[in-house]
Amino acid sequence: MSKKLELYYYPECPYCQRVLNAMRKNRWEGIELKNIHADAEADATLVRVGGKHQVPCLFVDGVPMYESLDIIAWLERELG
Ligand SMILES: N[C@@H](CCC(=O)N[C@@H](CS)C(=O)NCC(=O)O)C(=O)O
């Protein structure tokens with residue numbers, strides 16, 4: 001995987017936990033975690049680039065993808 005992957009999330013969000021659990025179960029690696037509750041810059045980037053304050057959001061080479069199930073389906077396709 002040569003794409004840059006960044007998951008914007010926060011720990012209390014159940015939809016984020018759904019993605020994080022799939023990451024653990026499938027041992028997907030190379031995904032940088034951005035906790036928007038701990039990182040004000042990441043929080044601002046999410047809204048500036050993504051256009052809305054919603055997590056989880058996976059940035060693929062800087063392009064935002066929302067919706068936990070879409071993110072998991074995409075990661076399954078890309079990372080197996
Ligand atoms: N259908 C979305 C739901 C995501 C969602 O509702 N996320 C909540 C947190 S659990 C959110 O971002 N709320 C807005 C906010 O926290 O500002 C998904 O499956 O990813």
# chains A, B, ... in the order shown; residues from 1 in each chain; ligands from 1
call {"tool": "residues_around", "arguments": {"residues": "Leu46 (chain A)", "least_positions_apart": "5", "cutoff": "8 Å", "atoms": "only C-alpha atoms", "output": "list of chain:residue names"}}
result
A:Tyr8, A:Gly51, A:Lys52, A:His53, A:Cys57
call {"tool": "residues_near_ligand", "arguments": {"ligand": "ligand 1", "cutoff": "7 Å", "atoms": "only C-alpha atoms and all ligand atoms", "output": "list of chain:residue names"}}
result
A:Cys13, A:Pro14, A:Tyr15, A:Cys16, A:His53, A:Gln54, A:Val55, A:Pro56, A:Tyr66, A:Glu67, A:Ser68, A:Leu69
call {"tool": "write_last_selection", "arguments": {"atoms": "C-alpha atoms", "output": "PDB file, in the first residue's frame"}}
result
ATOM      1  CA  CYS A  13     -17.380   7.173  18.984  1.00  0.00           C
ATOM      2  CA  PRO A  14     -18.953   3.744  18.384  1.00  0.00           C
ATOM      3  CA  TYR A  15     -18.632   4.040  14.599  1.00  0.00           C
ATOM      4  CA  CYS A  16     -14.920   4.740  15.062  1.00  0.00           C
ATOM      5  CA  HIS A  53     -17.348  17.409  11.506  1.00  0.00           C
ATOM      6  CA  GLN A  54     -18.025  13.687  11.364  1.00  0.00           C
ATOM      7  CA  VAL A  55     -15.932  10.711  12.358  1.00  0.00           C
ATOM      8  CA  PRO A  56     -14.732   8.204  11.420  1.00  0.00           C
ATOM      9  CA  TYR A  66     -16.768   9.170   5.511  1.00  0.00           C
ATOM     10  CA  GLU A  67     -19.021   6.339   6.722  1.00  0.00           C
ATOM     11  CA  SER A  68     -17.614   3.498   8.819  1.00  0.00           C
ATOM     12  CA  LEU A  69     -18.990   0.726   6.603  1.00  0.00           C
TER      13      LEU A  69
END
call {"tool": "closest_residue", "arguments": {"among": "A:Glu76, A:Asp61, A:Asp43, A:Asp70", "to": "Ala22 (chain A)", "atoms": "only C-alpha atoms"}}
result
A:Glu76
call {"tool": "select_by_dssp", "arguments": {"residues": "chain A", "states": "strand (DSSP E)", "output": "PyMOL selection string"}}
result
chain A and resi 5-9+31-35+57-60+63-66
call {"tool": "write_last_selection", "arguments": {"atoms": "C-alpha atoms", "output": "mmCIF file, in the first residue's frame"}}
result
data_model
loop_
_atom_site.group_PDB
_atom_site.id
_atom_site.type_symbol
_atom_site.label_atom_id
_atom_site.label_comp_id
_atom_site.auth_asym_id
_atom_site.auth_seq_id
_atom_site.Cartn_x
_atom_site.Cartn_y
_atom_site.Cartn_z
ATOM 1 C CA LEU A 5 -3.866 6.503 5.112
ATOM 2 C CA GLU A 6 -5.031 8.594 8.082
ATOM 3 C CA LEU A 7 -8.032 7.741 10.241
ATOM 4 C CA TYR A 8 -9.684 10.713 11.925
ATOM 5 C CA TYR A 9 -11.580 9.458 14.946
ATOM 6 C CA ILE A 31 -2.958 3.672 9.114
ATOM 7 C CA GLU A 32 -2.059 6.802 11.051
ATOM 8 C CA LEU A 33 -4.550 7.583 13.813
ATOM 9 C CA LYS A 34 -5.704 11.177 14.332
ATOM 10 C CA ASN A 35 -7.689 11.606 17.539
ATOM 11 C CA CYS A 57 -13.168 9.706 8.333
ATOM 12 C CA LEU A 58 -10.380 8.011 6.420
ATOM 13 C CA PHE A 59 -8.084 10.306 4.455
ATOM 14 C CA VAL A 60 -6.622 8.459 1.470
ATOM 15 C CA VAL A 63 -8.978 12.710 0.129
ATOM 16 C CA PRO A 64 -11.633 12.211 2.809
ATOM 17 C CA MET A 65 -13.932 9.182 2.970
ATOM 18 C CA TYR A 66 -16.768 9.170 5.511
#
call {"tool": "closest_residue", "arguments": {"among": "A:Gly30, A:Ala42, A:Ile36, A:Ile72", "to": "Lys3 (chain A)", "atoms": "only C-alpha atoms"}}
result
A:Gly30
call {"tool": "closest_residue", "arguments": {"among": "A:Val47, A:Gln17, A:Glu12, A:Ser2", "to": "Leu79 (chain A)", "atoms": "only C-alpha atoms"}}
result
A:Ser2
call {"tool": "select_by_dssp", "arguments": {"residues": "chain A", "states": "helix (DSSP H, G or I)", "output": "VMD selection string"}}
result
chain A and resid 14 to 26 40 to 50 68 to 79
call {"tool": "write_last_selection", "arguments": {"atoms": "N, CA and C atoms", "output": "CSV table (one decimal), in the first residue's frame"}}
result
chain,number,residue,atom,x,y,z
A,14,PRO,N,-18.8,5.2,18.7
A,14,PRO,CA,-19.0,3.7,18.4
A,14,PRO,C,-18.7,3.4,16.9
A,15,TYR,N,-18.9,4.3,16.0
A,15,TYR,CA,-18.6,4.0,14.6
A,15,TYR,C,-17.1,4.0,14.4
A,16,CYS,N,-16.4,4.8,15.1
A,16,CYS,CA,-14.9,4.7,15.1
A,16,CYS,C,-14.4,3.4,15.6
A,17,GLN,N,-15.1,3.0,16.7
A,17,GLN,CA,-14.7,1.7,17.3
A,17,GLN,C,-14.9,0.5,16.3
A,18,ARG,N,-16.0,0.7,15.5
A,18,ARG,CA,-16.2,-0.4,14.5
A,18,ARG,C,-15.1,-0.4,13.5
A,19,VAL,N,-14.5,0.7,13.1
A,19,VAL,CA,-13.4,0.7,12.2
A,19,VAL,C,-12.1,0.2,12.9
A,20,LEU,N,-11.9,0.7,14.1
A,20,LEU,CA,-10.7,0.3,14.9
A,20,LEU,C,-10.7,-1.2,15.1
A,21,ASN,N,-11.9,-1.8,15.5
A,21,ASN,CA,-12.0,-3.2,15.7
A,21,ASN,C,-11.7,-4.0,14.4
A,22,ALA,N,-12.2,-3.5,13.3
A,22,ALA,CA,-11.9,-4.2,12.0
A,22,ALA,C,-10.4,-4.1,11.7
A,23,MET,N,-9.7,-3.0,12.1
A,23,MET,CA,-8.3,-2.8,11.9
A,23,MET,C,-7.5,-3.9,12.7
A,24,ARG,N,-8.0,-4.0,13.9
A,24,ARG,CA,-7.3,-5.0,14.8
A,24,ARG,C,-7.5,-6.4,14.3
A,25,LYS,N,-8.7,-6.7,14.1
A,25,LYS,CA,-9.1,-8.1,13.7
A,25,LYS,C,-8.3,-8.5,12.4
A,26,ASN,N,-8.2,-7.6,11.5
A,26,ASN,CA,-7.6,-7.9,10.2
A,26,ASN,C,-6.1,-7.6,10.1
A,40,ALA,N,-6.1,19.4,18.1
A,40,ALA,CA,-7.0,20.5,17.6
A,40,ALA,C,-6.7,20.8,16.1
A,41,GLU,N,-5.4,20.6,15.7
A,41,GLU,CA,-5.1,20.8,14.3
A,41,GLU,C,-5.8,19.7,13.4
A,42,ALA,N,-5.8,18.5,13.9
A,42,ALA,CA,-6.5,17.4,13.2
A,42,ALA,C,-8.0,17.7,13.1
A,43,ASP,N,-8.6,18.2,14.2
A,43,ASP,CA,-10.0,18.6,14.2
A,43,ASP,C,-10.3,19.6,13.2
A,44,ALA,N,-9.5,20.6,13.1
A,44,ALA,CA,-9.7,21.7,12.1
A,44,ALA,C,-9.5,21.2,10.7
A,45,THR,N,-8.5,20.3,10.5
A,45,THR,CA,-8.2,19.8,9.2
A,45,THR,C,-9.4,19.0,8.7
A,46,LEU,N,-10.0,18.2,9.6
A,46,LEU,CA,-11.2,17.4,9.2
A,46,LEU,C,-12.3,18.2,8.6
A,47,VAL,N,-12.6,19.3,9.3
A,47,VAL,CA,-13.7,20.2,8.8
A,47,VAL,C,-13.2,21.0,7.5
A,48,ARG,N,-12.0,21.4,7.5
A,48,ARG,CA,-11.5,22.2,6.4
A,48,ARG,C,-11.5,21.4,5.1
A,49,VAL,N,-11.0,20.2,5.2
A,49,VAL,CA,-10.8,19.3,4.0
A,49,VAL,C,-12.0,18.5,3.8
A,50,GLY,N,-12.6,17.9,4.8
A,50,GLY,CA,-13.7,17.0,4.7
A,50,GLY,C,-15.0,17.8,4.5
A,68,SER,N,-18.4,4.6,8.3
A,68,SER,CA,-17.6,3.5,8.8
A,68,SER,C,-17.7,2.3,7.9
A,69,LEU,N,-18.9,1.9,7.4
A,69,LEU,CA,-19.0,0.7,6.6
A,69,LEU,C,-18.3,0.9,5.3
A,70,ASP,N,-18.4,2.1,4.7
A,70,ASP,CA,-17.6,2.4,3.4
A,70,ASP,C,-16.1,2.3,3.6
A,71,ILE,N,-15.7,2.8,4.8
A,71,ILE,CA,-14.2,2.8,5.1
A,71,ILE,C,-13.8,1.3,5.3
A,72,ILE,N,-14.5,0.5,6.0
A,72,ILE,CA,-14.1,-0.9,6.2
A,72,ILE,C,-14.1,-1.6,4.9
A,73,ALA,N,-15.2,-1.4,4.1
A,73,ALA,CA,-15.2,-2.1,2.8
A,73,ALA,C,-14.0,-1.7,1.9
A,74,TRP,N,-13.7,-0.4,1.9
A,74,TRP,CA,-12.6,0.0,1.1
A,74,TRP,C,-11.3,-0.6,1.6
A,75,LEU,N,-11.1,-0.6,3.0
A,75,LEU,CA,-9.8,-1.2,3.5
A,75,LEU,C,-9.8,-2.7,3.2
A,76,GLU,N,-10.9,-3.4,3.3
A,76,GLU,CA,-10.9,-4.8,2.9
A,76,GLU,C,-10.5,-5.0,1.5
A,77,ARG,N,-11.0,-4.2,0.6
A,77,ARG,CA,-10.5,-4.3,-0.8
A,77,ARG,C,-9.1,-4.0,-1.0
A,78,GLU,N,-8.6,-3.0,-0.3
A,78,GLU,CA,-7.2,-2.5,-0.5
A,78,GLU,C,-6.1,-3.4,0.2
A,79,LEU,N,-6.5,-3.8,1.5
A,79,LEU,CA,-5.5,-4.4,2.4
A,79,LEU,C,-5.8,-5.9,2.6
call {"tool": "decode", "arguments": {"residues": "region 27-62 of chain A", "atoms": "N, CA and C atoms", "output": "short mmCIF file (atom, residue, chain, number, x, y, z; two decimals), in the first residue's frame"}}
result
data_model
loop_
_atom_site.label_atom_id
_atom_site.label_comp_id
_atom_site.auth_asym_id
_atom_site.auth_seq_id
_atom_site.Cartn_x
_atom_site.Cartn_y
_atom_site.Cartn_z
N ARG A 27 -5.64 -7.04 11.25
CA ARG A 27 -4.23 -6.66 11.36
C ARG A 27 -3.80 -5.71 10.25
N TRP A 28 -4.69 -4.78 9.93
CA TRP A 28 -4.33 -3.75 8.94
C TRP A 28 -3.34 -2.79 9.59
N GLU A 29 -2.26 -2.54 8.90
CA GLU A 29 -1.23 -1.66 9.44
C GLU A 29 -1.01 -0.48 8.52
N GLY A 30 -0.26 0.48 9.01
CA GLY A 30 0.11 1.63 8.18
C GLY A 30 -0.96 2.70 8.13
N ILE A 31 -1.91 2.64 9.07
CA ILE A 31 -2.96 3.67 9.11
C ILE A 31 -2.65 4.60 10.29
N GLU A 32 -2.38 5.84 9.99
CA GLU A 32 -2.06 6.80 11.05
C GLU A 32 -3.35 7.23 11.74
N LEU A 33 -3.34 7.22 13.07
CA LEU A 33 -4.55 7.58 13.81
C LEU A 33 -4.50 9.05 14.23
N LYS A 34 -5.59 9.77 13.97
CA LYS A 34 -5.70 11.18 14.33
C LYS A 34 -6.90 11.34 15.26
N ASN A 35 -6.62 11.42 16.56
CA ASN A 35 -7.69 11.61 17.54
C ASN A 35 -8.06 13.08 17.58
N ILE A 36 -9.22 13.42 17.05
CA ILE A 36 -9.58 14.84 16.93
C ILE A 36 -9.90 15.47 18.28
N HIS A 37 -10.11 14.66 19.31
CA HIS A 37 -10.34 15.23 20.65
C HIS A 37 -9.02 15.54 21.35
N ALA A 38 -7.93 14.99 20.82
CA ALA A 38 -6.62 15.23 21.43
C ALA A 38 -5.73 16.11 20.55
N ASP A 39 -6.22 16.43 19.37
CA ASP A 39 -5.37 17.10 18.38
C ASP A 39 -6.22 18.17 17.67
N ALA A 40 -6.12 19.40 18.15
CA ALA A 40 -6.95 20.49 17.63
C ALA A 40 -6.69 20.75 16.14
N GLU A 41 -5.44 20.56 15.73
CA GLU A 41 -5.12 20.78 14.33
C GLU A 41 -5.82 19.74 13.45
N ALA A 42 -5.83 18.50 13.91
CA ALA A 42 -6.52 17.44 13.16
C ALA A 42 -8.01 17.73 13.10
N ASP A 43 -8.56 18.21 14.19
CA ASP A 43 -9.98 18.56 14.24
C ASP A 43 -10.30 19.62 13.19
N ALA A 44 -9.45 20.63 13.10
CA ALA A 44 -9.66 21.70 12.12
C ALA A 44 -9.47 21.19 10.69
N THR A 45 -8.49 20.33 10.50
CA THR A 45 -8.24 19.77 9.16
C THR A 45 -9.42 18.95 8.69
N LEU A 46 -10.00 18.18 9.60
CA LEU A 46 -11.16 17.36 9.24
C LEU A 46 -12.26 18.23 8.63
N VAL A 47 -12.57 19.33 9.28
CA VAL A 47 -13.66 20.20 8.80
C VAL A 47 -13.23 20.97 7.54
N ARG A 48 -12.01 21.43 7.53
CA ARG A 48 -11.54 22.23 6.38
C ARG A 48 -11.50 21.38 5.11
N VAL A 49 -10.96 20.19 5.22
CA VAL A 49 -10.78 19.35 4.03
C VAL A 49 -12.03 18.50 3.76
N GLY A 50 -12.57 17.92 4.83
CA GLY A 50 -13.71 17.02 4.66
C GLY A 50 -15.02 17.75 4.47
N GLY A 51 -15.11 18.95 5.03
CA GLY A 51 -16.33 19.73 4.86
C GLY A 51 -17.36 19.49 5.94
N LYS A 52 -17.13 18.51 6.80
CA LYS A 52 -18.06 18.31 7.91
C LYS A 52 -17.35 17.66 9.08
N HIS A 53 -17.93 17.91 10.26
CA HIS A 53 -17.35 17.41 11.51
C HIS A 53 -17.98 16.06 11.81
N GLN A 54 -17.50 15.05 11.13
CA GLN A 54 -18.02 13.69 11.36
C GLN A 54 -16.88 12.70 11.33
N VAL A 55 -16.90 11.80 12.31
CA VAL A 55 -15.93 10.71 12.36
C VAL A 55 -16.68 9.40 12.39
N PRO A 56 -16.08 8.29 11.97
CA PRO A 56 -14.73 8.20 11.42
C PRO A 56 -14.65 8.79 10.01
N CYS A 57 -13.45 9.23 9.68
CA CYS A 57 -13.17 9.71 8.33
C CYS A 57 -11.76 9.22 7.97
N LEU A 58 -11.68 8.50 6.88
CA LEU A 58 -10.38 8.01 6.42
C LEU A 58 -9.88 8.93 5.30
N PHE A 59 -8.71 9.52 5.51
CA PHE A 59 -8.08 10.31 4.46
C PHE A 59 -7.17 9.37 3.66
N VAL A 60 -7.45 9.27 2.37
CA VAL A 60 -6.62 8.46 1.47
C VAL A 60 -5.87 9.43 0.57
N ASP A 61 -4.57 9.54 0.81
CA ASP A 61 -3.77 10.55 0.10
C ASP A 61 -4.45 11.93 0.18
N GLY A 62 -4.99 12.22 1.36
CA GLY A 62 -5.58 13.53 1.60
C GLY A 62 -7.02 13.69 1.16
#
